[in-house]
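Read through the structure below, which is laid out as structure tokens, and then see the notes.
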2 protein chains.
Amino acid sequence: MTTTEATGPAAQHPADDADSFHVFDTTLRDGAQREGINLTVADKLAIARHLDDFGVGFIEGGWPGANPRDTEFFARARAEIDFKHAKLVAFGATRRAGGSAAQDPQVRALLESGAPVITLVAKSHDRHVELALRTTLEENLEMVRDTVSHLVAQGRRVFVDCEHFFDGYRANAEYAKSVVRTAHEAGADVVILCDTNGGMLPAQVTAVVATVLADTGARLGIHAQDDTGCAVANTLAAVDAGATHVQCTANGYGERVGNANLFPVVAALEIKYGRRVLPEGALAEMTRISHAIAEVVNLTPSTHQPYVGVSAFAHKAGLHASAIKVDPDLYQHIDPERVGNTMRMLVSDMAGRASIELKGKELGVDLGGDRALVSRVVERVKERELSGYTYEAADASFELLLRAEVEGRARKYFRTESWRAIVEDRPDGTHANEATVKLWAKGERIVATAEGNGPVNALDRALRVALERFYPQLAKFELVDYKVRILEGKHGTESTTRVLIATTDGTREWSTVGVAPNVISASWQALEDAFTYGLLHAGVEPAE
Amino acid sequence: MTTTEATGPAAQHPADDADSFHVFDTTLRDGAQREGINLTVADKLAIARHLDDFGVGFIEGGWPGANPRDTEFFARARAEIDFKHAKLVAFGATRRAGGSAAQDPQVRALLESGAPVITLVAKSHDRHVELALRTTLEENLEMVRDTVSHLVAQGRRVFVDCEHFFDGYRANAEYAKSVVRTAHEAGADVVILCDTNGGMLPAQVTAVVATVLADTGARLGIHAQDDTGCAVANTLAAVDAGATHVQCTANGYGERVGNANLFPVVAALEIKYGRRVLPEGALAEMTRISHAIAEVVNLTPSTHQPYVGVSAFAHKAGLHASAIKVDPDLYQHIDPERVGNTMRMLVSDMAGRASIELKGKELGVDLGGDRALVSRVVERVKERELSGYTYEAADASFELLLRAEVEGRARKYFRTESWRAIVEDRPDGTHANEATVKLWAKGERIVATAEGNGPVNALDRALRVALERFYPQLAKFELVDYKVRILEGKHGTESTTRVLIATTDGTREWSTVGVAPNVISASWQALEDAFTYGLLHAGVEPAE
């Protein structure tokens, strides 16, 4: 049994073994509440694919009907993604007070999303019912009962998020439990106890979950926020007390401090509890998936995140170094490869050398055990990274650097004499973006000018105009991603700029990097590398 | 009784009430192991002052004798700092195998540091004793006994860190406990159980600490690493089981993932446990101290750190905002002022009417309960955010939008006729970045050209050249941050670009946003907003 859920139709509410533990991800809904995250529909689709690859059982995609972006996401996710592991979940609220679920437009939008599973948020704190919802405690129960049973009758699997459950339990335990009981009796498969304000500590969570489980008999889940820095521990504390459904977000993204971080939660369950909650082999992809999702949301991956941070298995030389030489297990709680991460020794050339050799092997560049050559590459990488380059995210630029050292000279398909980009905002409101390049290729001097929708696009086009006659392969290259990061943020527009460009030839995709005081020059470097790498791998012989 | 420790001479080993719970900080020793931290002696002195201001009971300053920097730190700390609350602690190891503590140079250096308290690290994992220390289990106990009793005889208070205690306990519980017993019987005041590899979870910690306490009778402390993301919870779990000494680092700095974060630990103890562990009023300084220490170590303060991050009490969801209007306590686990932080409302397309009204109030813009006006602003924000703007990170642009709706027209200090930016990479290898702006201000037409180190910098300068005669206030404005995000990453350089600019006038800092198909046009918009907002808040009357 390797997945958390069988793949039968959701409407059958599978209760078999595969469904016995739920890894429920809410990055796209609750995670998107994080300050600084603003997801487009394309971002959401990309993240959903990563989460499905990782093997979570449920992906909560948003609140269809509440905003057009989420409605569009559900339509496109159904059409475009062939989920291997996950079920798509729509989030919404119980019906309005005094109405009927069958008539409620918000409830209808949940059904119209086509999601097989629906999470309903319900109030379970008496004061919230009265002050925020402005209805009676009895009507709130009726809203839960009516909405759950309506959705179940329509063939949906329903989970109920009891918002502010723990605070509500402290204020009025009987009422909080009556909401759980009502949801359960109306047909909700799981009732999730939410620490919405994030103020709980693990021992308290264990006690409350155990009592509610004993008193209601409902299947329970946990949704923890990290305001005390204990969201992961609170999630595990609920599991210790019998919860079998954990709601998390990738990298712990979420409102305020954030949500329970999916990665340490599943790592603890799989490695520390010995509980299989992901498909076979998924854990070893965890570091990659974590970083990929960070890239999509355009946040720097946290270097110090448990399990997946680049520093998570980094050891400073000293007390630890000699012991690690004896046995790495003496100073690591797990083998980093289990989560797709690697041990790094800091302040040690050895680690650098080893990884360069490994990387060479990976790229098919023979370093022939040449120690001086490897040292040269290590030095070159260190020096370039110190000035702002990053080769982790720019494999193609790294390969060009490596080949230049191995072959004694850089591959050149053209030589740049000069280039110029002009951006103009004209009196009539129109824009002009024009670029001119002056190049040499195969002994000829070429001058070419092109327009684009921005200066980098104009340069890209001018380069193609100049070179396509010599290298028709260029026609297949397409820029598919372009990222800019300003380094040393405290100097404003006088900072160093790093540009990462992803290019595809329709089959493979490669990434290149450029660093310069201004974004156009940095982009030009990355473009040059992108064209050079693409031509190299198209088997074209260098001409310069 | 407001401090954790009475101020009598340390040699008297005060066992009164004030000593009943220890907040022990090891930022300067274990925290300095974090990748990216490299502290000078001046840095260490500055951090020690902040920690003493905050009111921790013990500050572990480093390993005197092991490196000259730490030796110098102890000499200078004793001479230069008049500690109000904290005792200075020197860290070192038990004597060498086969020697005597009285003759051991490393032990002598600990005494020579003059620190009234000494923490000795001791091996408590049988395998580490044999493989890393290469001695016998019995000799290791003798090293503990000899070193502790020697230091105690010299009038020092001694704490013993049992390294790898939890892994050791799993491997050989009896031996691990015998190290605790030996240290205790030799005169150590506290024996600290260290989760050196950081692999523990809270329920396990509680069980082990409770057993060791019952079996040894020693006073116990806890030192947790964050490799499972549970260091704060593990620290509290040990306290739950009877530990009365917690070792933490500011902001959780430390090797690999880091150590138990001092701030959420003391906040939980004070606020959630109702236990006074800091001087009166200290908790309200926590946010300031956390950020000040981050500045000293030259790391950006984590925006999402519990209690003290700038996002820790930031609310984004419309669902929350409407409730917060009723009562902020409904959506906050504590009043942020208790830890010196503040609540912030973020504006985003998830936000509804309530957050716009709250934001208006926060910005001092009276929306006068005008429902139609608020609806117009909500619509405008949603529509702009759909096209790529983000207002949660651009307060100043949001305020301009809000004022434009309230006042019926946008504030204008100048009118743009056209602008042009040229970036050139010349045949001789030099670069030119030149911008020309054509503007109208106070009825005059101005044409100005400037150079910069990039096109945006050149535009910024040209704008200043053009306008400084009309608005001398501009001279004080400085761009301090510049961020670029490409939206819809799957179209490469043909995507929409979002630019965020942070500007300061030396007193306040404000953020503006621009969105356009190209980075230069987007930057221009953000620059225009930045200048407009700055002039508005300098009290300058609009001219156009």
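By order in the structure tokens, chains are A, B, ...; within a chain, residues start at 1; ligands start at 1, following the order shown.
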
| said: Please check the contacts: residues of chain A at most 6 Å away from chain B, using only C-alpha atoms, listed as an NGL selection string. | reply: :A and (132 or 197 or 199 or 227-230 or 233 or 256-257 or 304 or 306 or 311-314 or 323 or 331-333 or 417-427 or 454 or 457 or 479-482 or 484 or 489-493 or 518)

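Least-squares superposition puts chain B on chain A with a C-alpha RMSD of 6.2 Å, counting every Cα pair in order.
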
| note | What separates CA of Ala284 (chain B) and CA of Thr235 (chain A) is a distance of 28.9 Å

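Interatomic distance, CA of Ile356 (chain A) against CA of Val381 (chain A): 9.4 Å.
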
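The spacing separating CA of Val339 (chain A) from CA of Gly281 (chain A) amounts to 9.4 Å.
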
| message | Let's see if you can do this: from backbone DSSP, list all strand (DSSP E) residues in region 176-348 of chain A, as number ranges by chain. | response | A: 190-195, 220-224, 245-248, 314-315, 344-345

| query | Counting only C-alpha atoms, what is within 6 Å of region 53-70 of chain A, bar same-chain residues fewer than 2 positions away, as JSON, numbers by chain? | reply | {"A": [4, 23, 24, 25, 26, 28, 29, 50, 51, 72, 73, 85, 86, 87, 88, 89, 90, 91, 92, 109, 278, 279, 282]}

| message | as a ChimeraX atom specification, please: the residues near region 136-144 of chain A (cut-off 7 Å, only C-alpha atoms, same-chain neighbours under 4 positions excluded). | response | /A:94-95,97,122,126,129-130,148,179,182-183

| field | Residue list (helix (DSSP H, G or I), DSSP) for region 264-331 of chain A, as a ChimeraX atom specification | value | /A:264-272,283-297,319-326,328-331

| task | Compile the contact shell of Phe166 (chain A) as a VMD selection string: residues with an atom at most 7 Å away, counting only C-alpha atoms, same-chain residues fewer than 3 positions apart removed. | result | chain A and resid 169 to 170 194 to 195

Prev. selection, all heavy atoms, output as a compact mmCIF listing (two decimals), in the first residue's frame:
# COMPACT_ATOMS: atom_id res chain seq x y z
N TYR A 169 -13.04 25.80 22.13
CA TYR A 169 -13.12 24.73 23.11
C TYR A 169 -12.84 25.28 24.51
O TYR A 169 -13.46 24.90 25.49
CB TYR A 169 -12.12 23.63 22.75
CG TYR A 169 -12.20 22.39 23.60
CD1 TYR A 169 -13.06 21.35 23.28
CD2 TYR A 169 -11.41 22.26 24.74
CE1 TYR A 169 -13.14 20.21 24.06
CE2 TYR A 169 -11.47 21.13 25.53
CZ TYR A 169 -12.34 20.10 25.18
OH TYR A 169 -12.42 18.98 25.96
N ARG A 170 -11.89 26.21 24.57
CA ARG A 170 -11.55 26.80 25.86
C ARG A 170 -12.73 27.64 26.38
O ARG A 170 -13.02 27.65 27.57
CB ARG A 170 -10.30 27.67 25.71
CG ARG A 170 -9.66 28.07 27.02
CD ARG A 170 -8.43 28.97 26.80
NE ARG A 170 -7.31 28.26 26.19
CZ ARG A 170 -6.63 28.68 25.13
NH1 ARG A 170 -6.95 29.80 24.52
NH2 ARG A 170 -5.62 27.98 24.66
N CYS A 194 -9.21 23.23 13.95
CA CYS A 194 -8.28 24.25 13.47
C CYS A 194 -7.80 25.13 14.62
O CYS A 194 -8.61 25.66 15.38
CB CYS A 194 -8.95 25.14 12.42
SG CYS A 194 -9.55 24.21 10.99
N ASP A 195 -6.49 25.29 14.71
CA ASP A 195 -5.93 26.28 15.63
C ASP A 195 -5.70 27.54 14.80
O ASP A 195 -4.58 27.88 14.43
CB ASP A 195 -4.63 25.77 16.25
CG ASP A 195 -4.06 26.77 17.25
OD1 ASP A 195 -4.84 27.61 17.74
OD2 ASP A 195 -2.84 26.73 17.51

| request: Excluding Thr287 (chain B) and any residue of its chain fewer than 2 positions from it, enumerate the residues within 7 Å of it, using only C-alpha atoms, and give them as a PyMOL selection string. | output: chain B and resi 285+289-291+308+339-341

| What's the 12 Å shell around Ala188 (chain B), counting only C-alpha atoms, without same-chain residues fewer than 5 positions away, as a ChimeraX atom specification? | /B:13,117-122,144-153,155-162,179-183,218-221
